[in-house]
file final_27.txt (compact mmCIF, C-alpha atoms)
# COMPACT_ATOMS: atom_id res chain seq x y z
CA MET A 130 -76.82 -24.00 -2.26
CA MET A 131 -77.36 -21.01 -0.05
CA ASN A 132 -77.66 -23.22 2.98
CA SER A 133 -74.41 -25.02 2.28
CA THR A 134 -72.58 -21.70 1.84
CA ARG A 135 -73.98 -20.44 5.14
CA MET A 136 -73.03 -23.70 6.79
CA ALA A 137 -69.45 -23.49 5.51
CA ILE A 138 -69.08 -19.90 6.74
CA ALA A 139 -70.47 -20.85 10.16
CA LEU A 140 -68.12 -23.83 10.47
CA LEU A 141 -65.17 -21.68 9.47
CA ALA A 142 -66.07 -19.03 12.07
CA LEU A 143 -66.53 -21.72 14.75
CA ALA A 144 -63.16 -23.32 13.93
CA SER A 145 -61.43 -19.95 14.19
CA ALA A 146 -63.06 -19.20 17.51
CA LEU A 147 -62.13 -22.58 18.95
CA ALA A 148 -58.50 -22.30 17.79
CA GLY A 149 -58.12 -18.91 19.48
CA CYS A 150 -59.75 -19.93 22.75
CA GLY A 151 -57.94 -23.18 23.39
CA SER A 152 -56.71 -23.43 26.99
CA ASP A 153 -55.07 -26.81 26.96
CA SER A 154 -52.39 -26.43 29.69
CA SER A 155 -50.53 -29.51 28.51
CA SER A 156 -49.75 -28.07 25.10
CA THR A 157 -46.40 -26.39 24.56
CA PRO A 158 -46.46 -22.89 23.14
CA LEU A 159 -44.77 -22.54 19.82
CA ALA A 160 -41.45 -20.71 19.76
CA PRO A 161 -41.40 -17.55 17.77
CA SER A 162 -39.97 -17.90 14.32
CA VAL A 163 -36.25 -17.32 14.29
CA VAL A 164 -34.98 -15.63 11.17
CA PRO A 165 -31.25 -16.12 10.85
CA GLN A 166 -29.42 -12.82 10.82
CA VAL A 167 -26.75 -12.54 8.20
CA ALA A 168 -23.82 -10.43 9.32
CA PRO A 169 -23.00 -7.70 6.86
CA SER A 170 -19.96 -8.40 4.75
CA PRO A 171 -16.94 -6.62 6.13
CA ILE A 172 -15.71 -3.81 3.97
CA PRO A 173 -12.23 -4.72 2.80
CA GLN A 174 -9.71 -2.32 4.24
CA PRO A 175 -6.91 -1.21 1.96
CA THR A 176 -3.42 -2.21 2.97
CA PRO A 177 -1.86 0.78 4.68
CA ILE A 178 0.88 2.46 2.70
CA GLN A 179 4.22 2.12 4.41
CA LEU A 180 7.64 3.53 3.72
CA ALA A 181 10.18 1.16 2.24
CA VAL A 182 13.07 0.41 4.56
CA PHE A 183 16.58 -0.14 3.23
CA THR A 184 19.05 -2.22 5.23
CA ASP A 185 22.83 -1.88 5.24
CA PRO A 186 24.18 -5.39 4.56
CA GLY A 187 27.39 -4.59 6.46
CA SER A 188 26.03 -3.13 9.69
CA GLY A 189 22.37 -4.15 9.69
CA SER A 190 21.29 -0.53 10.19
CA ALA A 191 18.09 0.39 8.39
CA THR A 192 16.51 3.62 7.16
CA SER A 193 13.81 5.02 4.90
CA ASP A 194 15.80 8.17 4.13
CA VAL A 195 17.83 7.97 0.92
CA HIS A 196 20.19 10.85 0.08
CA ASP A 197 21.28 12.23 -3.28
CA VAL A 198 24.62 13.91 -3.90
CA GLN A 199 23.35 17.24 -2.46
CA GLY A 200 22.07 15.58 0.71
CA GLN A 201 18.43 15.94 -0.38
CA VAL A 202 16.24 13.15 0.97
CA VAL A 203 13.84 10.97 -0.98
CA ARG A 204 11.77 8.08 0.28
CA PHE A 205 9.95 5.24 -1.40
CA ASN A 206 6.70 3.63 -0.27
CA THR A 207 4.69 0.46 -0.80
CA ALA A 208 2.39 2.34 -3.19
CA ASP A 209 5.35 2.33 -5.64
CA GLU A 210 6.09 6.03 -5.23
CA LEU A 211 9.28 8.04 -4.96
CA ILE A 212 8.60 10.85 -2.47
CA TRP A 213 10.54 14.10 -2.80
CA MET A 214 10.64 14.99 0.89
CA ALA A 215 11.31 18.73 0.49
CA ASP A 216 7.86 19.28 -1.06
CA ASP A 217 6.12 15.89 -0.60
CA ILE A 218 5.91 15.55 -4.38
CA ARG A 219 5.32 11.96 -5.46
CA PHE A 220 6.41 10.16 -8.58
CA GLN A 221 4.64 6.94 -9.59
CA GLU A 222 5.93 3.50 -10.56
CA PHE A 223 9.10 3.22 -8.47
CA ILE A 224 9.07 -0.35 -7.18
CA VAL A 225 11.31 -1.33 -4.25
CA ASP A 226 12.90 -4.78 -4.21
CA GLY A 227 15.35 -5.05 -1.30
CA ASN A 228 18.00 -2.35 -1.82
CA PHE A 229 17.07 -1.98 -5.50
CA ILE A 230 14.44 0.25 -7.03
CA GLY A 231 12.86 -0.55 -10.36
CA TYR A 232 10.85 1.68 -12.58
CA HIS A 233 7.54 0.59 -14.09
CA HIS A 234 8.15 -3.13 -13.63
CA LYS A 235 10.33 -5.28 -11.39
CA GLY A 236 12.75 -6.38 -14.10
CA ASP A 237 13.96 -2.85 -14.84
CA LYS A 238 16.19 -1.83 -11.90
CA VAL A 239 17.27 1.79 -12.18
CA PHE A 240 18.62 2.54 -8.68
CA GLN A 241 20.58 0.79 -5.98
CA VAL A 242 20.66 2.04 -2.41
CA ARG A 243 24.20 1.86 -1.01
CA PHE A 244 25.37 2.78 2.47
CA GLY A 245 28.24 5.03 3.39
CA THR A 246 29.40 7.14 6.32
CA LYS A 247 29.35 10.92 6.39
CA ASP A 248 30.32 12.92 9.50
CA GLY A 249 30.25 9.69 11.51
CA GLU A 250 26.65 8.95 10.51
CA ARG A 251 25.63 5.89 8.47
CA ARG A 252 23.49 7.01 5.50
CA ALA A 253 21.80 5.50 2.49
CA TYR A 254 22.66 6.94 -0.94
CA LEU A 255 21.00 6.63 -4.31
CA THR A 256 23.29 5.14 -6.98
CA ARG A 257 23.03 3.14 -10.18
CA PRO A 258 23.00 -0.66 -9.89
CA ASP A 259 26.22 -2.57 -10.57
CA ASP A 260 25.02 -3.87 -13.95
CA GLN A 261 24.77 -0.26 -15.22
CA LEU A 262 28.22 0.80 -13.97
CA HIS A 263 30.22 -1.30 -16.46
CA GLY A 264 33.01 -1.87 -13.93
CA ALA A 265 33.18 1.76 -12.72
CA ALA A 266 32.84 2.67 -9.04
CA ALA A 267 29.37 3.56 -7.80
CA THR A 268 28.68 7.28 -7.58
CA ILE A 269 25.83 9.16 -5.92
CA LEU A 270 23.09 10.45 -8.20
CA ASP A 271 21.88 14.06 -8.23
CA LEU A 272 18.11 14.47 -8.18
CA SER A 273 16.13 17.61 -8.88
CA ILE A 274 12.72 18.70 -10.08
CA ASP A 275 12.48 20.97 -13.11
CA ALA A 276 10.03 23.84 -13.68
CA ARG A 277 7.44 21.46 -15.19
CA GLY A 278 7.56 19.23 -12.10
CA ASP A 279 9.50 16.40 -13.77
CA LEU A 280 12.10 14.40 -11.85
CA ILE A 281 15.60 14.93 -13.26
CA ILE A 282 18.32 12.36 -12.50
CA VAL A 283 21.95 13.26 -13.26
CA GLU A 284 25.07 11.13 -12.95
CA THR A 285 27.90 12.60 -10.83
CA SER A 286 31.48 11.68 -10.08
CA ALA A 287 30.93 11.79 -6.27
CA PRO A 288 31.67 8.40 -4.69
CA VAL A 289 29.62 7.04 -1.83
CA PRO A 290 31.43 8.49 1.23
CA GLY A 291 33.28 6.20 3.57
CA THR A 292 33.28 3.18 1.27
call {"tool": "encode", "arguments": {"input": "final_27.txt", "output": "structure tokens"}}
result
Amino acid sequence: MMNSTRMAIALLALASALAGCGSDSSSTPLAPSVVPQVAPSPIPQPTPIQLAVFTDPGSGSATSDVHDVQGQVVRFNTADELIWMADDIRFQEFIVDGNFIGYHHKGDKVFQVRFGTKDGERRAYLTRPDDQLHGAAATILDLSIDARGDLIIVETSAPVPGT
């Protein structure tokens, strides 16, 4: 049995030596193994937040600036925020749908942006939607922020100028 083990080891060593020393010029070298590279998954980029733009149906002019009765400017963005421009304070869940703004969900419209002219300039004003006016003329809302940082909305009797 010892002889057959020695013989097997010798044959194995001889086969290895012959495989490494082959110089057959007609044989084609093997190509290196190609491991497919998998591209890393792209990291999804968040949609950039943009300001909502309101368009005057009469003139086609458009703006992001919406005025209250005191001339204070608010803006709305695609992250469903009302932005108090004086201090950049943001209030959540104000959803823009055309010239209407809903609160918390699209079916609950609380504001309508209407256009008027003041000092020869076309401006957007924050008012209540027609269905909340009960036949009365649209008036500009008064917005403020109280000491706790809450948004206060007050009805006024000031009509949209130039309408």
call {"tool": "residues_around", "arguments": {"input": "final_27.txt", "residues": "segment 183-186 of chain A", "least_positions_apart": "2", "cutoff": "8 Å", "atoms": "all atoms listed in the file", "output": "VMD selection string"}}
result
chain A and resid 181 188 to 193 227 to 228 242 to 244 253
call {"tool": "closest_residue", "arguments": {"input": "final_27.txt", "among": "A:Thr246, A:Ser170, A:Val182, A:Val239", "to": "Ile282 of chain A", "atoms": "all atoms listed in the file"}}
result
A:Val239
call {"tool": "closest_residue", "arguments": {"input": "final_27.txt", "among": "A:Glu284, A:Arg277, A:Asp217, A:Asp194", "to": "Leu262 of chain A", "atoms": "all atoms listed in the file"}}
result
A:Glu284
call {"tool": "atom_distance", "arguments": {"input": "final_27.txt", "atom1": "atom CA of Gly249 of chain A", "atom2": "atom CA of Gly200 of chain A"}}
result
14.8 Å
call {"tool": "residues_around", "arguments": {"input": "final_27.txt", "residues": "Ile218 of chain A", "least_positions_apart": "3", "cutoff": "12 Å", "atoms": "only C-alpha atoms", "output": "ChimeraX atom specification"}}
result
/A:202-205,210-215,221,273-274,278-280
call {"tool": "closest_residue", "arguments": {"input": "final_27.txt", "among": "A:Ala168, A:Arg219, A:Tyr254, A:Asp260", "to": "Lys238 of chain A", "atoms": "all atoms listed in the file"}}
result
A:Asp260
call {"tool": "atom_distance", "arguments": {"input": "final_27.txt", "atom1": "atom CA of Ile224 of chain A", "atom2": "atom CA of Gln261 of chain A"}}
result
17.6 Å
call {"tool": "atom_distance", "arguments": {"input": "final_27.txt", "atom1": "atom CA of Pro258 of chain A", "atom2": "atom CA of Asp275 of chain A"}}
result
24.3 Å
call {"tool": "closest_residue", "arguments": {"input": "final_27.txt", "among": "A:Ala287, A:Leu270, A:Val167, A:Val195", "to": "Arg257 of chain A", "atoms": "all atoms listed in the file"}}
result
A:Leu270
call {"tool": "axis_aligned_box", "arguments": {"input": "final_27.txt", "around": "segment 264-282 of chain A", "padding_each_side": "5 Å", "output": "AutoDock Vina command-line options"}}
result
--center_x 20.3 --center_y 11.0 --center_z -10.6 --size_x 35.7 --size_y 35.7 --size_z 19.3
call {"tool": "closest_residue", "arguments": {"input": "final_27.txt", "among": "A:Asp197, A:Gln179, A:Phe220, A:Ile172", "to": "Gln241 of chain A", "atoms": "all atoms listed in the file"}}
result
A:Asp197
call {"tool": "residues_around", "arguments": {"input": "final_27.txt", "residues": "Gly245 of chain A", "least_positions_apart": "2", "cutoff": "6 Å", "atoms": "only C-alpha atoms", "output": "list in words"}}
result
Arg251, Arg252, Val289, Pro290, Gly291 and Thr292 of chain A
call {"tool": "closest_residue", "arguments": {"input": "final_27.txt", "among": "A:Ala208, A:Asp226, A:Pro288, A:Thr268", "to": "Pro175 of chain A", "atoms": "all atoms listed in the file"}}
result
A:Ala208
call {"tool": "build_atoms", "arguments": {"input": "final_27.txt", "residues": "segment 200-222 of chain A", "atoms": "N, CA and C atoms", "output": "tab-separated table (two decimals), keeping the file's coordinate frame"}}
result
chain	number	residue	atom	x	y	z
A	200	GLY	N	22.60	15.83	-0.63
A	200	GLY	CA	22.07	15.58	0.71
A	200	GLY	C	20.57	15.68	0.79
A	201	GLN	N	19.90	15.88	-0.35
A	201	GLN	CA	18.43	15.94	-0.38
A	201	GLN	C	17.89	14.53	-0.13
A	202	VAL	N	16.79	14.45	0.58
A	202	VAL	CA	16.24	13.15	0.97
A	202	VAL	C	15.03	12.80	0.12
A	203	VAL	N	15.02	11.55	-0.33
A	203	VAL	CA	13.84	10.97	-0.98
A	203	VAL	C	13.49	9.71	-0.20
A	204	ARG	N	12.25	9.33	-0.32
A	204	ARG	CA	11.77	8.08	0.28
A	204	ARG	C	10.96	7.35	-0.76
A	205	PHE	N	10.76	6.08	-0.52
A	205	PHE	CA	9.95	5.24	-1.40
A	205	PHE	C	8.92	4.56	-0.51
A	206	ASN	N	7.73	4.29	-1.07
A	206	ASN	CA	6.70	3.63	-0.27
A	206	ASN	C	6.16	2.40	-0.97
A	207	THR	N	5.27	1.70	-0.27
A	207	THR	CA	4.69	0.46	-0.80
A	207	THR	C	3.60	0.73	-1.82
A	208	ALA	N	3.31	1.99	-2.10
A	208	ALA	CA	2.39	2.34	-3.19
A	208	ALA	C	3.19	2.62	-4.46
A	209	ASP	N	4.46	2.20	-4.47
A	209	ASP	CA	5.35	2.33	-5.64
A	209	ASP	C	5.58	3.79	-6.01
A	210	GLU	N	5.83	4.61	-4.99
A	210	GLU	CA	6.09	6.03	-5.23
A	210	GLU	C	7.47	6.43	-4.71
A	211	LEU	N	8.11	7.32	-5.44
A	211	LEU	CA	9.28	8.04	-4.96
A	211	LEU	C	8.73	9.33	-4.38
A	212	ILE	N	9.11	9.66	-3.15
A	212	ILE	CA	8.60	10.85	-2.47
A	212	ILE	C	9.74	11.85	-2.32
A	213	TRP	N	9.58	13.01	-2.93
A	213	TRP	CA	10.54	14.10	-2.80
A	213	TRP	C	10.19	14.79	-1.49
A	214	MET	N	11.00	14.57	-0.46
A	214	MET	CA	10.64	14.99	0.89
A	214	MET	C	10.56	16.50	1.07
A	215	ALA	N	11.32	17.27	0.32
A	215	ALA	CA	11.31	18.73	0.49
A	215	ALA	C	9.92	19.31	0.26
A	216	ASP	N	9.17	18.74	-0.70
A	216	ASP	CA	7.86	19.28	-1.06
A	216	ASP	C	6.74	18.23	-1.01
A	217	ASP	N	7.07	17.01	-0.60
A	217	ASP	CA	6.12	15.89	-0.60
A	217	ASP	C	5.54	15.62	-1.99
A	218	ILE	N	6.33	15.87	-3.02
A	218	ILE	CA	5.91	15.55	-4.38
A	218	ILE	C	6.16	14.07	-4.60
A	219	ARG	N	5.23	13.41	-5.26
A	219	ARG	CA	5.32	11.96	-5.46
A	219	ARG	C	5.38	11.63	-6.94
A	220	PHE	N	6.24	10.66	-7.22
A	220	PHE	CA	6.41	10.16	-8.58
A	220	PHE	C	6.05	8.68	-8.58
A	221	GLN	N	5.19	8.29	-9.52
A	221	GLN	CA	4.64	6.94	-9.59
A	221	GLN	C	5.60	5.93	-10.21
A	222	GLU	N	5.33	4.67	-9.92
A	222	GLU	CA	5.93	3.50	-10.56
A	222	GLU	C	7.38	3.21	-10.19
